[in-house]
>>> print(open('protein.pdb').read())   # PDB, C-alpha atoms, pLDDT in the B column
ATOM      1  CA  MET A   1      -6.242  15.611 -24.585  1.00 90.00           C
ATOM      2  CA  ARG A   2      -4.014  17.348 -22.066  1.00 94.00           C
ATOM      3  CA  PHE A   3      -3.073  21.002 -22.282  1.00 94.00           C
ATOM      4  CA  ARG A   4       0.176  22.248 -20.748  1.00 96.00           C
ATOM      5  CA  TYR A   5       0.429  25.429 -18.713  1.00 96.00           C
ATOM      6  CA  TYR A   6       3.863  26.908 -18.048  1.00 96.00           C
ATOM      7  CA  MET A   7       5.023  30.064 -16.300  1.00 96.00           C
ATOM      8  CA  VAL A   8       7.971  31.394 -14.315  1.00 96.00           C
ATOM      9  CA  VAL A   9       7.412  33.161 -10.993  1.00 94.00           C
ATOM     10  CA  GLN A  10       9.808  36.069 -10.451  1.00 92.00           C
ATOM     11  CA  ASP A  11      10.112  38.837  -7.887  1.00 88.00           C
ATOM     12  CA  LEU A  12      10.198  42.517  -8.889  1.00 86.00           C
ATOM     13  CA  ALA A  13      13.980  42.307  -9.444  1.00 90.00           C
ATOM     14  CA  GLY A  14      13.548  39.402 -11.884  1.00 91.00           C
ATOM     15  CA  ASN A  15      14.838  36.725  -9.499  1.00 92.00           C
ATOM     16  CA  ALA A  16      13.225  33.292  -9.621  1.00 94.00           C
ATOM     17  CA  VAL A  17      10.870  32.569  -6.721  1.00 94.00           C
ATOM     18  CA  GLU A  18      11.049  29.022  -5.401  1.00 96.00           C
ATOM     19  CA  GLY A  19       8.157  27.481  -3.466  1.00 97.00           C
ATOM     20  CA  ALA A  20       5.378  29.854  -4.524  1.00 97.00           C
ATOM     21  CA  SER A  21       1.999  28.155  -4.109  1.00 97.00           C
ATOM     22  CA  VAL A  22      -0.153  27.967  -7.241  1.00 97.00           C
ATOM     23  CA  TYR A  23      -3.918  27.623  -6.903  1.00 97.00           C
ATOM     24  CA  VAL A  24      -6.046  26.846  -9.975  1.00 98.00           C
ATOM     25  CA  TYR A  25      -9.822  27.456  -9.910  1.00 97.00           C
ATOM     26  CA  LEU A  26     -12.651  27.360 -12.394  1.00 97.00           C
ATOM     27  CA  ALA A  27     -13.033  30.956 -13.596  1.00 96.00           C
ATOM     28  CA  GLY A  28     -15.163  33.176 -11.393  1.00 95.00           C
ATOM     29  CA  SER A  29     -15.595  30.552  -8.677  1.00 97.00           C
ATOM     30  CA  SER A  30     -13.909  28.995  -5.678  1.00 96.00           C
ATOM     31  CA  MET A  31     -14.143  25.493  -7.247  1.00 98.00           C
ATOM     32  CA  PRO A  32     -10.621  24.030  -7.493  1.00 98.00           C
ATOM     33  CA  ALA A  33      -9.614  22.669 -10.899  1.00 98.00           C
ATOM     34  CA  ILE A  34      -8.167  19.210 -11.437  1.00 98.00           C
ATOM     35  CA  VAL A  35      -4.478  19.672 -12.255  1.00 97.00           C
ATOM     36  CA  TYR A  36      -2.114  16.974 -13.522  1.00 97.00           C
ATOM     37  CA  PRO A  37       1.641  17.117 -12.834  1.00 94.00           C
ATOM     38  CA  THR A  38       2.576  15.537 -16.200  1.00 93.00           C
ATOM     39  CA  ARG A  39       0.992  14.855 -19.571  1.00 94.00           C
ATOM     40  CA  THR A  40       0.782  11.125 -18.832  1.00 94.00           C
ATOM     41  CA  SER A  41      -0.013  11.052 -15.087  1.00 93.00           C
ATOM     42  CA  SER A  42      -3.153   9.135 -14.170  1.00 92.00           C
ATOM     43  CA  GLN A  43      -3.930  11.033 -10.965  1.00 94.00           C
ATOM     44  CA  GLY A  44      -4.993  14.658 -10.907  1.00 96.00           C
ATOM     45  CA  ASN A  45      -4.876  16.945  -7.885  1.00 96.00           C
ATOM     46  CA  ARG A  46      -7.887  19.076  -6.926  1.00 97.00           C
ATOM     47  CA  THR A  47      -6.609  20.117  -3.474  1.00 97.00           C
ATOM     48  CA  PRO A  48      -5.289  23.721  -3.538  1.00 97.00           C
ATOM     49  CA  PRO A  49      -2.531  24.632  -3.853  1.00 98.00           C
ATOM     50  CA  GLN A  50      -2.256  22.099  -6.659  1.00 98.00           C
ATOM     51  CA  VAL A  51       1.390  22.900  -7.539  1.00 97.00           C
ATOM     52  CA  SER A  52       4.314  25.072  -6.451  1.00 97.00           C
ATOM     53  CA  SER A  53       7.181  26.768  -8.241  1.00 97.00           C
ATOM     54  CA  ALA A  54      10.503  24.936  -8.634  1.00 98.00           C
ATOM     55  CA  LEU A  55      13.973  26.182  -7.703  1.00 97.00           C
ATOM     56  CA  ASP A  56      14.161  28.102 -11.005  1.00 97.00           C
ATOM     57  CA  GLY A  57      10.689  29.608 -10.438  1.00 96.00           C
ATOM     58  CA  SER A  58       9.089  27.434 -13.092  1.00 97.00           C
ATOM     59  CA  VAL A  59       5.543  26.153 -12.774  1.00 97.00           C
ATOM     60  CA  VAL A  60       4.277  23.405 -15.063  1.00 97.00           C
ATOM     61  CA  PHE A  61       0.935  21.652 -14.932  1.00 97.00           C
ATOM     62  CA  TRP A  62      -1.560  20.047 -17.265  1.00 97.00           C
ATOM     63  CA  LEU A  63      -5.334  20.344 -17.613  1.00 96.00           C
ATOM     64  CA  ASP A  64      -7.368  17.571 -19.256  1.00 95.00           C
ATOM     65  CA  SER A  65     -10.110  18.214 -21.827  1.00 94.00           C
ATOM     66  CA  ARG A  66     -12.019  15.192 -20.480  1.00 94.00           C
ATOM     67  CA  ASP A  67     -12.498  17.041 -17.181  1.00 96.00           C
ATOM     68  CA  TYR A  68     -13.860  20.308 -18.653  1.00 94.00           C
ATOM     69  CA  SER A  69     -16.012  21.564 -21.500  1.00 91.00           C
ATOM     70  CA  TYR A  70     -14.453  23.397 -24.426  1.00 89.00           C
ATOM     71  CA  GLY A  71     -13.972  27.061 -23.559  1.00 91.00           C
ATOM     72  CA  GLN A  72     -13.714  26.541 -19.789  1.00 96.00           C
ATOM     73  CA  LEU A  73     -11.611  29.348 -18.329  1.00 96.00           C
ATOM     74  CA  PHE A  74      -9.476  29.206 -15.196  1.00 96.00           C
ATOM     75  CA  ASP A  75      -8.308  31.632 -12.521  1.00 96.00           C
ATOM     76  CA  ILE A  76      -4.741  31.130 -11.282  1.00 96.00           C
ATOM     77  CA  VAL A  77      -3.548  32.502  -7.953  1.00 95.00           C
ATOM     78  CA  VAL A  78       0.163  32.614  -7.075  1.00 96.00           C
ATOM     79  CA  GLN A  79       1.122  33.220  -3.433  1.00 95.00           C
ATOM     80  CA  LYS A  80       4.376  33.371  -1.499  1.00 94.00           C
ATOM     81  CA  GLY A  81       4.494  35.076   1.895  1.00 88.00           C
ATOM     82  CA  ASP A  82       2.758  38.452   1.631  1.00 81.00           C
ATOM     83  CA  PHE A  83       2.875  38.374  -2.196  1.00 78.00           C
ATOM     84  CA  SER A  84      -0.220  37.365  -4.140  1.00 81.00           C
ATOM     85  CA  LEU A  85      -0.971  37.541  -7.872  1.00 76.00           C
ATOM     86  CA  VAL A  86      -4.270  36.626  -9.500  1.00 84.00           C
ATOM     87  CA  LEU A  87      -4.307  35.712 -13.199  1.00 80.00           C
ATOM     88  CA  VAL A  88      -7.773  35.682 -14.719  1.00 71.00           C
TER      89      VAL A  88
END
>>> encode(input="protein.pdb", output="structure tokens")
Amino acid sequence: MRFRYYMVVQDLAGNAVEGASVYVYLAGSSMPAIVYPTRTSSQGNRTPPQVSSALDGSVVFWLDSRDYSYGQLFDIVVQKGDFSLVLV
């Protein structure tokens, strides 16, 4: 089963941020997670940054339950220029 993750990257003024790099790791480690671009894609991407934000700042990716045990947590890092945000 695939699980969808969605977010919108915005600057402090609320403007969408295009091209922000999104890194997904297994929680508490530097091990990159396998991220899928769509629910039905057959190839996952483990090479960070796995995805980037679109023109409207949106970020969408999928994680597959066949790749990870139930309860696996993830750390997400968003970077653009000097800006960095870590979601744990």
>>> atom_distance(input="protein.pdb", atom1="atom CA of Ser58 of chain A", atom2="atom CA of Tyr6 of chain A")
7.2 Å
>>> residues_around(input="protein.pdb", residues="segment 66-69 of chain A", least_positions_apart="4", cutoff="9 Å", atoms="all atoms listed in the file", output="VMD selection string")
chain A and resid 1 to 2 33 to 34
>>> atom_distance(input="protein.pdb", atom1="atom CA of Ile76 of chain A", atom2="atom CA of Asp64 of chain A")
15.9 Å
>>> atom_distance(input="protein.pdb", atom1="atom CA of Arg4 of chain A", atom2="atom CA of Gln50 of chain A")
14.3 Å
>>> axis_aligned_box(input="protein.pdb", around="segment 10-27 of chain A", padding_each_side="8 Å", output="AutoDock Vina command-line options")
--center_x 0.9 --center_y 34.7 --center_z -8.5 --size_x 43.9 --size_y 31.7 --size_z 26.1
>>> resolve_selection(input="protein.pdb", expression="the PyMOL selection byres ((chain A and resi 53) around 12)", output="ChimeraX atom specification")
/A:6-10,16-23,49-52,54-61,78-80
>>> closest_residue(input="protein.pdb", among="A:Asn15, A:Asp82, A:Leu63, A:Gln72", to="Tyr36 of chain A", atoms="all atoms listed in the file")
A:Leu63
>>> closest_residue(input="protein.pdb", among="A:Ala27, A:Ala13, A:Asp75, A:Phe3", to="Thr40 of chain A", atoms="all atoms listed in the file")
A:Phe3
>>> closest_residue(input="protein.pdb", among="A:Trp62, A:Thr47, A:Ser42, A:Gly81", to="Tyr5 of chain A", atoms="only C-alpha atoms")
A:Trp62
>>> resolve_selection(input="protein.pdb", expression="the PyMOL selection byres ((chain A and resi 88) around 10)", output="PyMOL selection string")
chain A and resi 25-28+73-77+85-87
